[in-house]
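Asker: This is coords.txt, which holds compact mmCIF, N, CA and C atoms:
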```
# COMPACT_ATOMS: atom_id res chain seq x y z
N MET F 258 130.20 166.58 127.00
CA MET F 258 130.30 165.88 125.73
C MET F 258 130.73 166.90 124.68
N LYS F 259 131.66 166.53 123.86
CA LYS F 259 132.16 167.41 122.81
C LYS F 259 131.18 167.43 121.64
N ALA F 260 131.29 168.48 120.82
CA ALA F 260 130.37 168.66 119.70
C ALA F 260 130.39 167.46 118.75
N GLY F 261 131.56 166.93 118.44
CA GLY F 261 131.65 165.78 117.55
C GLY F 261 130.98 164.54 118.12
N GLN F 262 131.15 164.34 119.42
CA GLN F 262 130.53 163.19 120.07
C GLN F 262 129.01 163.33 120.09
N ALA F 263 128.53 164.56 120.34
CA ALA F 263 127.09 164.80 120.37
C ALA F 263 126.46 164.54 119.01
N SER F 264 127.11 165.00 117.93
CA SER F 264 126.54 164.79 116.61
C SER F 264 126.58 163.30 116.23
N HIS F 265 127.63 162.60 116.68
CA HIS F 265 127.71 161.16 116.43
C HIS F 265 126.59 160.43 117.17
N ALA F 266 126.34 160.84 118.41
CA ALA F 266 125.26 160.22 119.19
C ALA F 266 123.90 160.49 118.54
N ARG F 267 123.69 161.70 118.04
CA ARG F 267 122.42 162.02 117.36
C ARG F 267 122.27 161.17 116.10
N ALA F 268 123.34 161.00 115.36
CA ALA F 268 123.29 160.19 114.14
C ALA F 268 122.94 158.73 114.47
N ARG F 269 123.51 158.20 115.55
CA ARG F 269 123.19 156.82 115.97
C ARG F 269 121.72 156.70 116.36
N ARG F 270 121.20 157.70 117.10
CA ARG F 270 119.79 157.67 117.50
C ARG F 270 118.87 157.74 116.29
N ARG F 271 119.21 158.59 115.32
CA ARG F 271 118.40 158.69 114.09
C ARG F 271 118.40 157.37 113.33
N LYS F 272 119.56 156.74 113.24
CA LYS F 272 119.66 155.46 112.55
C LYS F 272 118.82 154.39 113.27
N ALA F 273 118.90 154.36 114.59
CA ALA F 273 118.11 153.40 115.38
C ALA F 273 116.62 153.67 115.21
N TRP F 274 116.23 154.95 115.20
CA TRP F 274 114.82 155.31 115.03
C TRP F 274 114.32 154.83 113.67
N ARG F 275 115.11 155.08 112.61
CA ARG F 275 114.72 154.64 111.26
C ARG F 275 114.62 153.12 111.18
N TYR F 276 115.56 152.43 111.80
CA TYR F 276 115.54 150.97 111.82
C TYR F 276 114.29 150.46 112.54
N GLY F 277 113.95 151.10 113.63
CA GLY F 277 112.74 150.72 114.37
C GLY F 277 111.48 150.94 113.55
N ARG F 278 111.40 152.06 112.83
CA ARG F 278 110.24 152.33 111.98
C ARG F 278 110.14 151.28 110.86
N LEU F 279 111.27 150.94 110.26
CA LEU F 279 111.28 149.92 109.22
C LEU F 279 110.85 148.57 109.79
N ALA F 280 111.31 148.24 110.98
CA ALA F 280 110.93 146.98 111.62
C ALA F 280 109.42 146.95 111.88
N GLU F 281 108.86 148.05 112.35
CA GLU F 281 107.40 148.12 112.58
C GLU F 281 106.64 147.93 111.27
N TRP F 282 107.14 148.55 110.20
CA TRP F 282 106.50 148.40 108.90
C TRP F 282 106.53 146.93 108.46
N ALA F 283 107.69 146.28 108.60
CA ALA F 283 107.82 144.87 108.20
C ALA F 283 106.89 143.99 109.02
N CYS F 284 106.77 144.27 110.30
CA CYS F 284 105.88 143.47 111.16
C CYS F 284 104.42 143.67 110.77
N ALA F 285 104.03 144.92 110.49
CA ALA F 285 102.66 145.18 110.07
C ALA F 285 102.36 144.45 108.76
N ALA F 286 103.30 144.47 107.84
CA ALA F 286 103.12 143.77 106.56
C ALA F 286 102.95 142.27 106.79
N MET F 287 103.78 141.70 107.66
CA MET F 287 103.68 140.26 107.93
C MET F 287 102.33 139.93 108.57
N LEU F 288 101.89 140.76 109.51
CA LEU F 288 100.60 140.51 110.14
C LEU F 288 99.47 140.57 109.11
N ARG F 289 99.53 141.53 108.20
CA ARG F 289 98.50 141.61 107.17
C ARG F 289 98.49 140.34 106.31
N LEU F 290 99.68 139.84 105.99
CA LEU F 290 99.75 138.60 105.21
C LEU F 290 99.17 137.41 105.98
N LYS F 291 99.22 137.48 107.29
CA LYS F 291 98.65 136.41 108.13
C LYS F 291 97.15 136.60 108.36
N GLY F 292 96.57 137.64 107.76
CA GLY F 292 95.14 137.84 107.87
C GLY F 292 94.70 138.83 108.95
N TYR F 293 95.62 139.54 109.55
CA TYR F 293 95.27 140.54 110.56
C TYR F 293 94.92 141.86 109.89
N ARG F 294 94.09 142.63 110.56
CA ARG F 294 93.83 144.00 110.16
C ARG F 294 94.52 144.90 111.17
N ILE F 295 95.32 145.83 110.70
CA ILE F 295 96.04 146.74 111.60
C ILE F 295 95.07 147.84 112.02
N LEU F 296 94.81 147.92 113.32
CA LEU F 296 93.90 148.93 113.85
C LEU F 296 94.64 150.21 114.25
N ALA F 297 95.89 150.08 114.67
CA ALA F 297 96.66 151.25 115.09
C ALA F 297 98.15 150.94 114.99
N ARG F 298 98.90 151.98 114.70
CA ARG F 298 100.36 151.92 114.70
C ARG F 298 100.87 153.01 115.61
N ARG F 299 101.91 152.69 116.35
CA ARG F 299 102.54 153.66 117.25
C ARG F 299 101.49 154.39 118.08
N LEU F 300 100.61 153.61 118.67
CA LEU F 300 99.50 154.15 119.47
C LEU F 300 100.04 154.77 120.75
N LYS F 301 99.76 156.03 120.94
CA LYS F 301 100.18 156.72 122.16
C LYS F 301 98.96 156.97 123.03
N THR F 302 99.06 156.57 124.29
CA THR F 302 98.02 156.85 125.27
C THR F 302 98.70 157.58 126.43
N PRO F 303 97.92 158.14 127.32
CA PRO F 303 98.54 158.82 128.47
C PRO F 303 99.38 157.89 129.36
N VAL F 304 99.14 156.58 129.27
CA VAL F 304 99.85 155.65 130.16
C VAL F 304 100.92 154.82 129.46
N GLY F 305 101.05 154.96 128.14
CA GLY F 305 102.08 154.19 127.44
C GLY F 305 101.83 154.14 125.95
N GLU F 306 102.74 153.49 125.26
CA GLU F 306 102.68 153.38 123.80
C GLU F 306 102.65 151.92 123.40
N ILE F 307 101.92 151.64 122.32
CA ILE F 307 101.87 150.29 121.75
C ILE F 307 102.31 150.40 120.30
N ASP F 308 103.21 149.54 119.88
CA ASP F 308 103.73 149.62 118.52
C ASP F 308 102.66 149.31 117.48
N LEU F 309 101.97 148.19 117.64
CA LEU F 309 100.93 147.78 116.69
C LEU F 309 99.74 147.21 117.44
N VAL F 310 98.55 147.52 116.95
CA VAL F 310 97.33 146.89 117.44
C VAL F 310 96.71 146.23 116.21
N ALA F 311 96.49 144.92 116.29
CA ALA F 311 96.00 144.17 115.13
C ALA F 311 94.85 143.27 115.55
N ARG F 312 93.96 143.04 114.60
CA ARG F 312 92.80 142.19 114.88
C ARG F 312 92.67 141.14 113.79
N ARG F 313 92.37 139.94 114.25
CA ARG F 313 92.01 138.85 113.34
C ARG F 313 90.87 138.10 113.98
N GLY F 314 89.73 138.10 113.32
CA GLY F 314 88.55 137.43 113.87
C GLY F 314 88.16 138.04 115.20
N GLY F 315 88.00 137.18 116.19
CA GLY F 315 87.58 137.62 117.52
C GLY F 315 88.73 137.92 118.46
N THR F 316 89.93 138.11 117.92
CA THR F 316 91.12 138.36 118.76
C THR F 316 91.76 139.68 118.38
N ILE F 317 92.13 140.42 119.40
CA ILE F 317 92.89 141.65 119.20
C ILE F 317 94.27 141.43 119.82
N ALA F 318 95.31 141.75 119.07
CA ALA F 318 96.68 141.56 119.53
C ALA F 318 97.35 142.91 119.70
N PHE F 319 97.92 143.11 120.87
CA PHE F 319 98.72 144.29 121.16
C PHE F 319 100.17 143.85 120.98
N VAL F 320 100.85 144.42 120.00
CA VAL F 320 102.13 143.89 119.55
C VAL F 320 103.27 144.85 119.87
N GLU F 321 104.28 144.33 120.56
CA GLU F 321 105.51 145.07 120.82
C GLU F 321 106.55 144.59 119.81
N VAL F 322 107.15 145.54 119.10
CA VAL F 322 108.17 145.22 118.10
C VAL F 322 109.54 145.55 118.67
N LYS F 323 110.46 144.60 118.58
CA LYS F 323 111.83 144.81 119.03
C LYS F 323 112.79 144.45 117.91
N ALA F 324 113.62 145.39 117.54
CA ALA F 324 114.59 145.18 116.47
C ALA F 324 115.99 145.28 117.05
N ARG F 325 116.73 144.22 116.92
CA ARG F 325 118.11 144.17 117.41
C ARG F 325 118.92 143.29 116.45
N ALA F 326 120.21 143.28 116.63
CA ALA F 326 121.08 142.47 115.78
C ALA F 326 120.85 140.98 116.02
N GLU F 327 120.52 140.60 117.24
CA GLU F 327 120.29 139.20 117.59
C GLU F 327 118.91 139.02 118.21
N LEU F 328 118.26 137.89 117.92
CA LEU F 328 116.92 137.64 118.45
C LEU F 328 116.91 137.57 119.97
N ALA F 329 117.90 136.94 120.55
CA ALA F 329 117.95 136.81 122.02
C ALA F 329 118.04 138.17 122.67
N THR F 330 118.82 139.07 122.11
CA THR F 330 118.94 140.42 122.65
C THR F 330 117.62 141.16 122.52
N ALA F 331 116.94 140.99 121.39
CA ALA F 331 115.65 141.63 121.19
C ALA F 331 114.63 141.12 122.21
N ALA F 332 114.58 139.82 122.40
CA ALA F 332 113.62 139.24 123.34
C ALA F 332 113.89 139.68 124.77
N ALA F 333 115.17 139.78 125.13
CA ALA F 333 115.53 140.15 126.50
C ALA F 333 115.33 141.63 126.77
N SER F 334 115.10 142.43 125.73
CA SER F 334 115.00 143.87 125.93
C SER F 334 113.62 144.33 126.40
N ILE F 335 112.69 143.43 126.55
CA ILE F 335 111.35 143.80 127.02
C ILE F 335 111.28 143.60 128.53
N SER F 336 111.26 144.69 129.24
CA SER F 336 111.28 144.64 130.70
C SER F 336 109.88 144.43 131.27
N GLY F 337 109.83 144.06 132.52
CA GLY F 337 108.55 143.92 133.21
C GLY F 337 107.79 145.23 133.27
N ALA F 338 108.51 146.32 133.51
CA ALA F 338 107.88 147.64 133.55
C ALA F 338 107.29 147.99 132.19
N GLN F 339 108.00 147.65 131.14
CA GLN F 339 107.49 147.93 129.80
C GLN F 339 106.23 147.12 129.52
N ARG F 340 106.23 145.87 129.93
CA ARG F 340 105.03 145.04 129.75
C ARG F 340 103.84 145.63 130.50
N ARG F 341 104.07 146.09 131.71
CA ARG F 341 102.98 146.69 132.49
C ARG F 341 102.45 147.96 131.81
N ARG F 342 103.34 148.77 131.25
CA ARG F 342 102.90 149.98 130.53
C ARG F 342 102.06 149.61 129.30
N ILE F 343 102.47 148.57 128.60
CA ILE F 343 101.72 148.13 127.42
C ILE F 343 100.34 147.63 127.83
N VAL F 344 100.26 146.89 128.92
CA VAL F 344 98.96 146.40 129.41
C VAL F 344 98.06 147.58 129.77
N ARG F 345 98.61 148.59 130.44
CA ARG F 345 97.81 149.78 130.79
C ARG F 345 97.38 150.53 129.53
N ALA F 346 98.27 150.64 128.56
CA ALA F 346 97.92 151.31 127.31
C ALA F 346 96.84 150.53 126.57
N ALA F 347 96.91 149.21 126.59
CA ALA F 347 95.88 148.38 125.95
C ALA F 347 94.52 148.60 126.62
N ALA F 348 94.51 148.68 127.95
CA ALA F 348 93.26 148.93 128.67
C ALA F 348 92.70 150.30 128.29
N ALA F 349 93.55 151.31 128.15
CA ALA F 349 93.10 152.65 127.75
C ALA F 349 92.53 152.61 126.33
N PHE F 350 93.19 151.88 125.44
CA PHE F 350 92.71 151.74 124.06
C PHE F 350 91.32 151.10 124.04
N LEU F 351 91.14 150.02 124.79
CA LEU F 351 89.86 149.33 124.81
C LEU F 351 88.77 150.16 125.47
N GLN F 352 89.13 150.91 126.49
CA GLN F 352 88.15 151.75 127.18
C GLN F 352 87.61 152.83 126.22
N ALA F 353 88.45 153.31 125.35
CA ALA F 353 88.03 154.34 124.39
C ALA F 353 87.25 153.75 123.22
N ARG F 354 87.24 152.43 123.08
CA ARG F 354 86.55 151.75 121.97
C ARG F 354 85.70 150.61 122.52
N PRO F 355 84.53 150.95 123.06
CA PRO F 355 83.70 149.92 123.73
C PRO F 355 83.33 148.75 122.84
N GLY F 356 83.27 148.92 121.54
CA GLY F 356 82.91 147.82 120.65
C GLY F 356 83.95 146.72 120.59
N LEU F 357 85.18 147.03 121.00
CA LEU F 357 86.26 146.04 120.93
C LEU F 357 86.48 145.30 122.24
N ASP F 358 85.85 145.75 123.31
CA ASP F 358 86.13 145.17 124.63
C ASP F 358 85.65 143.73 124.78
N ARG F 359 84.84 143.25 123.85
CA ARG F 359 84.36 141.86 123.93
C ARG F 359 85.31 140.87 123.25
N LEU F 360 86.30 141.39 122.56
CA LEU F 360 87.25 140.51 121.86
C LEU F 360 88.23 139.88 122.85
N ASP F 361 88.76 138.74 122.47
CA ASP F 361 89.86 138.14 123.24
C ASP F 361 91.10 138.99 123.01
N CYS F 362 91.81 139.31 124.10
CA CYS F 362 93.00 140.14 124.00
C CYS F 362 94.25 139.29 124.21
N ARG F 363 95.29 139.67 123.50
CA ARG F 363 96.53 138.94 123.56
C ARG F 363 97.68 139.94 123.45
N PHE F 364 98.80 139.62 124.08
CA PHE F 364 100.00 140.45 124.00
C PHE F 364 101.07 139.67 123.26
N ASP F 365 101.42 140.17 122.08
CA ASP F 365 102.38 139.51 121.21
C ASP F 365 103.68 140.31 121.17
N VAL F 366 104.72 139.64 120.74
CA VAL F 366 106.01 140.28 120.50
C VAL F 366 106.46 139.86 119.10
N MET F 367 107.01 140.82 118.38
CA MET F 367 107.62 140.50 117.09
C MET F 367 109.07 140.95 117.15
N LEU F 368 109.95 140.00 116.87
CA LEU F 368 111.38 140.24 116.94
C LEU F 368 111.94 140.37 115.52
N VAL F 369 112.76 141.38 115.32
CA VAL F 369 113.29 141.66 113.99
C VAL F 369 114.80 141.75 114.07
N ARG F 370 115.46 141.08 113.14
CA ARG F 370 116.91 141.24 112.99
C ARG F 370 117.19 141.50 111.52
N PRO F 371 118.30 142.14 111.22
CA PRO F 371 118.56 142.55 109.84
C PRO F 371 118.52 141.38 108.85
N TRP F 372 117.87 141.65 107.73
CA TRP F 372 117.82 140.74 106.58
C TRP F 372 117.14 139.40 106.87
N HIS F 373 116.26 139.37 107.87
CA HIS F 373 115.48 138.17 108.18
C HIS F 373 114.02 138.59 108.36
N PRO F 374 113.10 137.68 108.08
CA PRO F 374 111.70 138.03 108.34
C PRO F 374 111.46 138.14 109.84
N PRO F 375 110.47 138.93 110.24
CA PRO F 375 110.16 139.05 111.67
C PRO F 375 109.73 137.70 112.25
N VAL F 376 110.03 137.51 113.52
CA VAL F 376 109.60 136.33 114.27
C VAL F 376 108.43 136.76 115.15
N HIS F 377 107.27 136.12 114.98
CA HIS F 377 106.05 136.49 115.69
C HIS F 377 105.82 135.53 116.85
N LEU F 378 105.87 136.06 118.06
CA LEU F 378 105.60 135.27 119.26
C LEU F 378 104.20 135.62 119.75
N SER F 379 103.24 134.77 119.43
CA SER F 379 101.86 135.01 119.85
C SER F 379 101.70 134.73 121.33
N ASP F 380 100.88 135.55 121.98
CA ASP F 380 100.58 135.37 123.40
C ASP F 380 101.87 135.29 124.22
N ALA F 381 102.75 136.26 124.01
CA ALA F 381 104.09 136.24 124.62
C ALA F 381 104.05 136.41 126.13
N TRP F 382 103.04 137.09 126.65
CA TRP F 382 102.90 137.22 128.10
C TRP F 382 101.45 137.49 128.44
N ARG F 383 101.12 137.29 129.68
CA ARG F 383 99.79 137.56 130.22
C ARG F 383 99.89 138.66 131.26
N PRO F 384 98.88 139.51 131.33
CA PRO F 384 98.90 140.54 132.37
C PRO F 384 98.90 139.89 133.76
N ASP F 385 99.51 140.57 134.72
CA ASP F 385 99.57 140.02 136.10
C ASP F 385 98.19 139.91 136.71
```
Could you quickly redo this structure as structure tokens?
Answerer:
Amino acid sequence: MKAGQASHARARRRKAWRYGRLAEWACAAMLRLKGYRILARRLKTPVGEIDLVARRGGTIAFVEVKARAELATAAASISGAQRRRIVRAAAAFLQARPGLDRLDCRFDVMLVRPWHPPVHLSDAWRPD
């Protein structure tokens, strides 16, 4: 790869990273408006990462945020392997916080496209 191509690729990655951070912020704000309390952002565990962990009442939601130009592309970008990693990360999070293990758990997805509010898909999948 030539130097110009490498710097262009780095610039695209930086732009995508910033867009993803902005999308996570917008999703957290929307969840707060819906009455959720954000427990964690960009949670890293040894087995995976979770974008947002939110709680409302007796339910804890592990939220994957996907930002793309089109909603269908965003929804299709969540692979089975990624879902399994998120489920393992959620289990690690709950194991480290015994007080939360009695809550109902749910896996949500929030889809973001430019200049539109996030779309919140509650209970988007169930662990196998």
Asker: Within 8 Å of segment 326-333 of chain F, counting only N, CA and C atoms, which residues show up once you throw out same-chain ones fewer than 3 positions away? Write them as a ChimeraX atom specification, please.
Answerer: /F:322-323,336,367-371
Asker: Okay, now the selection with N, CA and C atoms, as a PDB file, in the frame of the given file?
Answerer:
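Dumped everything to selection.pdb:
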```pdb
ATOM      1  N   VAL F 322     107.150 145.540 119.100  1.00  0.00           N
ATOM      2  CA  VAL F 322     108.170 145.220 118.100  1.00  0.00           C
ATOM      3  C   VAL F 322     109.540 145.550 118.670  1.00  0.00           C
ATOM      4  N   LYS F 323     110.460 144.600 118.580  1.00  0.00           N
ATOM      5  CA  LYS F 323     111.830 144.810 119.030  1.00  0.00           C
ATOM      6  C   LYS F 323     112.790 144.450 117.910  1.00  0.00           C
ATOM      7  N   SER F 336     111.260 144.690 129.240  1.00  0.00           N
ATOM      8  CA  SER F 336     111.280 144.640 130.700  1.00  0.00           C
ATOM      9  C   SER F 336     109.880 144.430 131.270  1.00  0.00           C
ATOM     10  N   MET F 367     107.010 140.820 118.380  1.00  0.00           N
ATOM     11  CA  MET F 367     107.620 140.500 117.090  1.00  0.00           C
ATOM     12  C   MET F 367     109.070 140.950 117.150  1.00  0.00           C
ATOM     13  N   LEU F 368     109.950 140.000 116.870  1.00  0.00           N
ATOM     14  CA  LEU F 368     111.380 140.240 116.940  1.00  0.00           C
ATOM     15  C   LEU F 368     111.940 140.370 115.520  1.00  0.00           C
ATOM     16  N   VAL F 369     112.760 141.380 115.320  1.00  0.00           N
ATOM     17  CA  VAL F 369     113.290 141.660 113.990  1.00  0.00           C
ATOM     18  C   VAL F 369     114.800 141.750 114.070  1.00  0.00           C
ATOM     19  N   ARG F 370     115.460 141.080 113.140  1.00  0.00           N
ATOM     20  CA  ARG F 370     116.910 141.240 112.990  1.00  0.00           C
ATOM     21  C   ARG F 370     117.190 141.500 111.520  1.00  0.00           C
ATOM     22  N   PRO F 371     118.300 142.140 111.220  1.00  0.00           N
ATOM     23  CA  PRO F 371     118.560 142.550 109.840  1.00  0.00           C
ATOM     24  C   PRO F 371     118.520 141.380 108.850  1.00  0.00           C
TER      25      PRO F 371
END
```
Asker: Give the answer as one residue: which of F:Leu296, F:Ala283, F:Val366, F:Ala263 has the shortest atom-to-atom distance to Val320 of chain F, using all atoms listed in the file?
Answerer: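 Closest to Val320 of chain F, using all atoms listed in the file: F:Val366.
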Asker: Could you pull out all residues of segment 273-339 of chain F with a DSSP call of helix (DSSP H, G or I) and give them as a list in words?
Answerer: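 Residues of segment 273-339 of chain F classed as helix (DSSP H, G or I): Ala273, Trp274, Arg275, Tyr276, Gly277, Arg278, Leu279, Ala280, Glu281, Trp282, Ala283, Cys284, Ala285, Ala286, Met287, Leu288, Arg289, Leu290, Leu328, Ala329, Thr330, Ala331, Ala332, Ala333, Gly337, Ala338 and Gln339 of chain F.
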Asker: Limited to N, CA and C atoms, could you put the picked residues into a file as a tab-separated table (two decimals), in the coordinates of the input?
Answerer:
```
chain	number	residue	atom	x	y	z
F	273	ALA	N	118.90	154.36	114.59
F	273	ALA	CA	118.11	153.40	115.38
F	273	ALA	C	116.62	153.67	115.21
F	274	TRP	N	116.23	154.95	115.20
F	274	TRP	CA	114.82	155.31	115.03
F	274	TRP	C	114.32	154.83	113.67
F	275	ARG	N	115.11	155.08	112.61
F	275	ARG	CA	114.72	154.64	111.26
F	275	ARG	C	114.62	153.12	111.18
F	276	TYR	N	115.56	152.43	111.80
F	276	TYR	CA	115.54	150.97	111.82
F	276	TYR	C	114.29	150.46	112.54
F	277	GLY	N	113.95	151.10	113.63
F	277	GLY	CA	112.74	150.72	114.37
F	277	GLY	C	111.48	150.94	113.55
F	278	ARG	N	111.40	152.06	112.83
F	278	ARG	CA	110.24	152.33	111.98
F	278	ARG	C	110.14	151.28	110.86
F	279	LEU	N	111.27	150.94	110.26
F	279	LEU	CA	111.28	149.92	109.22
F	279	LEU	C	110.85	148.57	109.79
F	280	ALA	N	111.31	148.24	110.98
F	280	ALA	CA	110.93	146.98	111.62
F	280	ALA	C	109.42	146.95	111.88
F	281	GLU	N	108.86	148.05	112.35
F	281	GLU	CA	107.40	148.12	112.58
F	281	GLU	C	106.64	147.93	111.27
F	282	TRP	N	107.14	148.55	110.20
F	282	TRP	CA	106.50	148.40	108.90
F	282	TRP	C	106.53	146.93	108.46
F	283	ALA	N	107.69	146.28	108.60
F	283	ALA	CA	107.82	144.87	108.20
F	283	ALA	C	106.89	143.99	109.02
F	284	CYS	N	106.77	144.27	110.30
F	284	CYS	CA	105.88	143.47	111.16
F	284	CYS	C	104.42	143.67	110.77
F	285	ALA	N	104.03	144.92	110.49
F	285	ALA	CA	102.66	145.18	110.07
F	285	ALA	C	102.36	144.45	108.76
F	286	ALA	N	103.30	144.47	107.84
F	286	ALA	CA	103.12	143.77	106.56
F	286	ALA	C	102.95	142.27	106.79
F	287	MET	N	103.78	141.70	107.66
F	287	MET	CA	103.68	140.26	107.93
F	287	MET	C	102.33	139.93	108.57
F	288	LEU	N	101.89	140.76	109.51
F	288	LEU	CA	100.60	140.51	110.14
F	288	LEU	C	99.47	140.57	109.11
F	289	ARG	N	99.53	141.53	108.20
F	289	ARG	CA	98.50	141.61	107.17
F	289	ARG	C	98.49	140.34	106.31
F	290	LEU	N	99.68	139.84	105.99
F	290	LEU	CA	99.75	138.60	105.21
F	290	LEU	C	99.17	137.41	105.98
F	328	LEU	N	118.26	137.89	117.92
F	328	LEU	CA	116.92	137.64	118.45
F	328	LEU	C	116.91	137.57	119.97
F	329	ALA	N	117.90	136.94	120.55
F	329	ALA	CA	117.95	136.81	122.02
F	329	ALA	C	118.04	138.17	122.67
F	330	THR	N	118.82	139.07	122.11
F	330	THR	CA	118.94	140.42	122.65
F	330	THR	C	117.62	141.16	122.52
F	331	ALA	N	116.94	140.99	121.39
F	331	ALA	CA	115.65	141.63	121.19
F	331	ALA	C	114.63	141.12	122.21
F	332	ALA	N	114.58	139.82	122.40
F	332	ALA	CA	113.62	139.24	123.34
F	332	ALA	C	113.89	139.68	124.77
F	333	ALA	N	115.17	139.78	125.13
F	333	ALA	CA	115.53	140.15	126.50
F	333	ALA	C	115.33	141.63	126.77
F	337	GLY	N	109.83	144.06	132.52
F	337	GLY	CA	108.55	143.92	133.21
F	337	GLY	C	107.79	145.23	133.27
F	338	ALA	N	108.51	146.32	133.51
F	338	ALA	CA	107.88	147.64	133.55
F	338	ALA	C	107.29	147.99	132.19
F	339	GLN	N	108.00	147.65	131.14
F	339	GLN	CA	107.49	147.93	129.80
F	339	GLN	C	106.23	147.12	129.52
```
Asker: Which residue is closest to Ala297 of chain F? Choose from F:Pro384, F:Phe319, F:Cys362, F:Arg313 and count only C-alpha atoms.
Answerer: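 That would be F:Phe319, the residue with the smallest distance to Ala297 of chain F.
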Asker: So the first atom is atom C of Gly315 of chain F and the second is atom C of Trp282 of chain F; what is the distance between them in Å, to one decimal place?
Answerer: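 Computing it gives 22.3 Å between the two atoms.
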Asker: Find the residues near segment 358-360 of chain F: any atom within 6 Å, counting only N, CA and C atoms, skip ones fewer than 3 places away on the same chain, and give them as a list in words.
Answerer: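 My reading of the contact set: Gly315, Thr316, Ile317, Leu351, Arg354 and Pro355 of chain F.
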Asker: I'd like the neighbourhood of Trp382 of chain F as a list in words, where a residue qualifies if any of its atoms comes within 8 Å (using only N, CA and C atoms), though same-chain residues fewer than 3 positions away should be ignored.
Answerer: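 The filter keeps Arg363, Phe364, Asp365, Val366, Leu378, Ser379 and Asp385 of chain F.
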Asker: State, in Å with one decimal place, the distance from atom CA of Arg275 of chain F to atom C of Trp372 of chain F.
Answerer: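 Spanning atom CA of Arg275 of chain F to atom C of Trp372 of chain F is a straight-line distance of 16.0 Å.
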Asker: With all atoms listed in the file as the atoms that count, which of F:Ala318, F:Val376, F:Val304, F:Ala311 lies nearest to Arg342 of chain F?
Answerer: F:Val304
Asker: Return as number ranges by chain the full set of residues in chain F whose backbone-based DSSP assignment is strand (DSSP E).
Answerer: F: 294-302, 305-313, 316-324, 361-369, 376-382
Asker: Using only N, CA and C atoms, which of F:Ala346, F:Leu279, F:Ala353, F:Val310 sits nearest Tyr293 of chain F?
Answerer: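 Counting only N, CA and C atoms, the residue closest to Tyr293 of chain F is F:Val310.
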Asker: What does the distance between atom C of Arg267 of chain F and atom CA of Cys284 of chain F come to in Å, to one decimal place?
Answerer: 24.6 Å
Asker: Go ahead and fit an axis-aligned box to every listed atom of segment 353-356 of chain F plus 8 Å each side, and pass me the centre and edge lengths in Å, one decimal, as AutoDock Vina command-line options.
Answerer:
```
--center_x 85.7 --center_y 150.5 --center_z 123.0 --size_x 21.5 --size_y 23.6 --size_z 20.8
```
